[in-house]
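Report on the structure given below.
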Amino acid sequence: MKKVISLALAVIMIFAFAACSTEKNQPEAPKEKVNVNAYVLSGPTGIGAVNMMKAAENGEGLENYKFNVVAAPDEIVSKISNGEADIAAVATNLAAKLYKVTNGGIKIIAVNTLGVLNVLNFKGEDITSLKDLKGRTIYTTGQGANPEYIIDYLLTENGINPEKDVKIEFKADGTDLVPVWATDPEAVIIAPQPVATSIKLKYEGSKIAIDLTDEWNKVNPESELMMGCVIVRNEFLNSNPEAVEAFLTDYEASIKAVSADIETTATLCEEYGIVAKAPIAKAAIPNCNICFIKGNEMKEKLTGYLQVLYNADPTSIGGAMPDDNFWYAK
């Protein structure tokens, strides 16, 4: 009788172990992807996302990303404010303004673009430093915005009075800079990418003389000229912290793919409306300073840039320097 009971127990144990083994070998159900509404501006701040946009279109993202490309910053402001946009790529000063407008309702999670302003020369005397701009006429854009503050700051740091030592003519839009040399070939043009590349390609013999990002590093090495970034709504972040981390993982990979395969990236820039034509994008990308910077490095270097803007015009960043809650800590 004892043998029969022992045998029965042995059989039960075998089935129990088999059941446990079967349960352990069962594959885990895939995690349901989170829907993420992302908005990017056409132009340099959108370039870093295009490889991610293609991956998302193919269902290869860690989350379910829906990208929207817009031309006007005001549209992103409204989408963030009304909750339609979860994540957005914007200018860094606009991020600071949004932080103020939304009463601290957003965080900056990464910097994606350094300086995109270039000094171009055509028929004028050679330019090897900003000091060579003294006495020249400069055409540029962005009056009352970042470009004006950056140019004034860098000229001043190089011993040039922006009001007395140069003549600065502001145009309403970057495309308005393209025909300048047709009437004033000796003028200097300071243009953002990819407009700078469009101008260079149009006028044979012209050249990009100076990258203002390099000039910033010379006079203010503790900070960095950081013009583009990615922000997230705090409400979305608090509800989906893992999705935000997943976004950053995919976004960093997308940015690495920019320099790894410029030709494909340029094609995608045209496909998604980030840059009008792939050949222009291909020529411009090496000068767009696309990057991925987050955490303490982002905070330390971007704070210095925002301080320069604040000193020039407090309203350029919303009237006050952002507090610690502006920065995504991870």
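We label chains A, B, ... in the order they appear in the structure tokens, count residues from 1 in each chain, and number ligands from 1 in the order shown.
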Expected answer as a count of residues only: strand (DSSP E or B) residues in region 51-191 of chain A: 40
message: Show me, as number ranges by chain, the residues that have an atom within 10 Å of Gly105 (chain A) when counting only C-alpha atoms, minus same-chain residues fewer than 6 positions from it.
response: A: 80-81, 98-99, 232-236, 325-326
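Within 8 Å of region 147-149 of chain A there are Leu117, Thr141, Gly142, Gln143, Gly144, Asp152, Tyr153, Leu309 and Ala312 of chain A, counting only C-alpha atoms and ignoring same-chain residues fewer than 3 positions away.
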message: Taking only region 194-250 of chain A into account, list the residues labelled alpha helix (DSSP H) by DSSP (computed from the backbone), as a PyMOL selection string.
response: chain A and resi 195-202+212-219+234-239+241-250
Expected file contents, prior selection, C-alpha atoms, as a short mmCIF file (atom, residue, chain, number, x, y, z; two decimals), in the first residue's frame:
data_model
loop_
_atom_site.label_atom_id
_atom_site.label_comp_id
_atom_site.auth_asym_id
_atom_site.auth_seq_id
_atom_site.Cartn_x
_atom_site.Cartn_y
_atom_site.Cartn_z
CA VAL A 195 19.41 78.34 -45.99
CA ALA A 196 23.16 78.93 -45.74
CA THR A 197 23.80 75.86 -47.88
CA SER A 198 21.17 76.93 -50.42
CA ILE A 199 22.94 80.29 -50.79
CA LYS A 200 26.37 78.68 -51.10
CA LEU A 201 25.15 76.31 -53.82
CA LYS A 202 23.52 79.15 -55.76
CA LEU A 212 29.09 80.72 -35.08
CA THR A 213 28.99 77.62 -32.87
CA ASP A 214 32.79 77.54 -33.00
CA GLU A 215 32.92 81.26 -32.22
CA TRP A 216 30.66 80.77 -29.21
CA ASN A 217 32.95 78.06 -27.86
CA LYS A 218 35.91 80.44 -28.06
CA VAL A 219 34.35 83.19 -25.96
CA ASN A 234 4.81 66.81 -17.44
CA GLU A 235 1.34 65.26 -17.43
CA PHE A 236 2.44 62.78 -20.09
CA LEU A 237 5.80 62.21 -18.39
CA ASN A 238 4.21 61.47 -15.03
CA SER A 239 1.78 58.98 -16.58
CA PRO A 241 7.86 57.64 -17.58
CA GLU A 242 8.99 54.44 -19.33
CA ALA A 243 7.60 55.65 -22.66
CA VAL A 244 9.63 58.86 -22.35
CA GLU A 245 12.79 56.85 -21.68
CA ALA A 246 11.95 54.66 -24.68
CA PHE A 247 11.50 57.77 -26.82
CA LEU A 248 14.92 59.03 -25.79
CA THR A 249 16.48 55.66 -26.63
CA ASP A 250 14.94 55.66 -30.10
#
Counting only C-alpha atoms, which residues of region 116-233 of chain A sit at most 9 Å from some atom of region 292-303 of chain A, and what is each one's closest atom pair with its distance in Å to one decimal, listed by chain and rising residue number, as a tab-separated table?
residue	atom	partner	partner_atom	distance
A:Pro221	CA	A:Lys301	CA	8.8
A:Glu222	CA	A:Lys301	CA	6.5
A:Ser223	CA	A:Lys301	CA	3.9
A:Glu224	CA	A:Lys301	CA	5.2
A:Leu225	CA	A:Leu302	CA	7.5
A:Met226	CA	A:Leu302	CA	6.2
A:Met227	CA	A:Leu302	CA	8.9
A:Cys229	CA	A:Phe292	CA	8.9
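For the pair CA of Trp181 (chain A) and CA of Arg136 (chain A), the interatomic distance is 13.7 Å.
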message: Need the shell around Ala320 (chain A): protein/DNA/RNA residues with any atom at most 9 Å away, counting only C-alpha atoms. Skip same-chain ones fewer than 4 positions apart. Format as a PyMOL selection string?
response: chain A and resi 96-97+100+310+314-315
task: With a distance cut-off of 7 Å and only C-alpha atoms, select the neighbouring residues of Cys288 (chain A), excluding the residue or stretch itself and same-chain residues fewer than 4 positions from it, and output the selection as an NGL selection string.
output: :A and (44 or 116 or 193 or 284)
Write the selection just made, keeping all heavy atoms, as a short mmCIF file (atom, residue, chain, number, x, y, z; two decimals), in the first residue's frame?
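Dumped everything to out_33.cif:
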data_model
loop_
_atom_site.label_atom_id
_atom_site.label_comp_id
_atom_site.auth_asym_id
_atom_site.auth_seq_id
_atom_site.Cartn_x
_atom_site.Cartn_y
_atom_site.Cartn_z
N PRO A 44 16.39 72.52 -39.14
CA PRO A 44 17.42 71.77 -38.40
C PRO A 44 16.93 71.00 -37.19
O PRO A 44 17.38 69.87 -36.94
CB PRO A 44 18.42 72.87 -37.99
CG PRO A 44 18.23 73.93 -39.00
CD PRO A 44 16.79 73.92 -39.36
N VAL A 116 23.23 76.84 -35.59
CA VAL A 116 22.99 76.58 -37.02
C VAL A 116 23.26 77.83 -37.85
O VAL A 116 22.90 77.90 -39.02
CB VAL A 116 21.54 76.10 -37.26
CG1 VAL A 116 21.30 74.76 -36.59
CG2 VAL A 116 20.51 77.13 -36.78
N GLN A 193 21.19 77.30 -41.19
CA GLN A 193 21.08 76.13 -42.06
C GLN A 193 19.61 75.70 -42.12
O GLN A 193 18.89 75.89 -41.16
CB GLN A 193 21.95 74.98 -41.54
CG GLN A 193 23.43 75.19 -41.69
CD GLN A 193 23.89 75.17 -43.14
OE1 GLN A 193 23.13 74.85 -44.05
NE2 GLN A 193 25.13 75.53 -43.34
N ALA A 284 23.81 70.28 -46.33
CA ALA A 284 23.65 71.09 -45.12
C ALA A 284 23.91 70.32 -43.83
O ALA A 284 24.40 70.89 -42.85
CB ALA A 284 22.25 71.68 -45.08
#
- prompt: Taking into account only C-alpha atoms, which residue in the set A:Lys277, A:Lys207, A:Lys107, A:Lys66 is nearest to Thr128 (chain A)?
  reply: A:Lys207
field: Å distance separating CA of Asp126 (chain A) from CA of Ala209 (chain A), one decimal place
entry: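 Distance between the two atoms: 8.2 Å.
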query: Which distance in Å separates CA of Val230 (chain A) and CA of Pro194 (chain A), to one decimal?
result: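 The value is 19.7 Å.
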task: Select, from A:Ile231, A:Ile160, A:Ile151, A:Val188, the residue with the minimum atom-to-atom distance to Asp86 (chain A), counting only C-alpha atoms.
output: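 Ranking A:Ile231, A:Ile160, A:Ile151, A:Val188 by distance to Asp86 (chain A), first place goes to A:Ile231.
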Can you check which parts of region 27-136 of chain A lie within 12 Å of region 163-170 of chain A? Per residue, the shortest pair of atoms and distance in Å to one decimal, counting only C-alpha atoms, sorted by chain and number, as a Markdown table.
| residue | atom | partner | partner_atom | distance |
| --- | --- | --- | --- | --- |
| A:Leu130 | CA | A:Val166 | CA | 11.2 |
| A:Lys131 | CA | A:Asp165 | CA | 10.2 |
| A:Asp132 | CA | A:Val166 | CA | 10.4 |
| A:Leu133 | CA | A:Val166 | CA | 7.1 |
| A:Lys134 | CA | A:Asp165 | CA | 5.5 |
| A:Gly135 | CA | A:Val166 | CA | 5.0 |
| A:Arg136 | CA | A:Val166 | CA | 5.4 |
Kindly save the residues from that selection, with C-alpha atoms included, as a PDB file, in the first residue's frame.
ATOM      1  CA  LEU A 130      34.633  87.806 -36.620  1.00  0.00           C
ATOM      2  CA  LYS A 131      36.990  90.771 -36.265  1.00  0.00           C
ATOM      3  CA  ASP A 132      37.099  90.854 -40.073  1.00  0.00           C
ATOM      4  CA  LEU A 133      33.432  91.874 -40.119  1.00  0.00           C
ATOM      5  CA  LYS A 134      34.269  95.390 -38.899  1.00  0.00           C
ATOM      6  CA  GLY A 135      33.079  97.942 -41.443  1.00  0.00           C
ATOM      7  CA  ARG A 136      31.054  95.387 -43.411  1.00  0.00           C
TER       8      ARG A 136
END
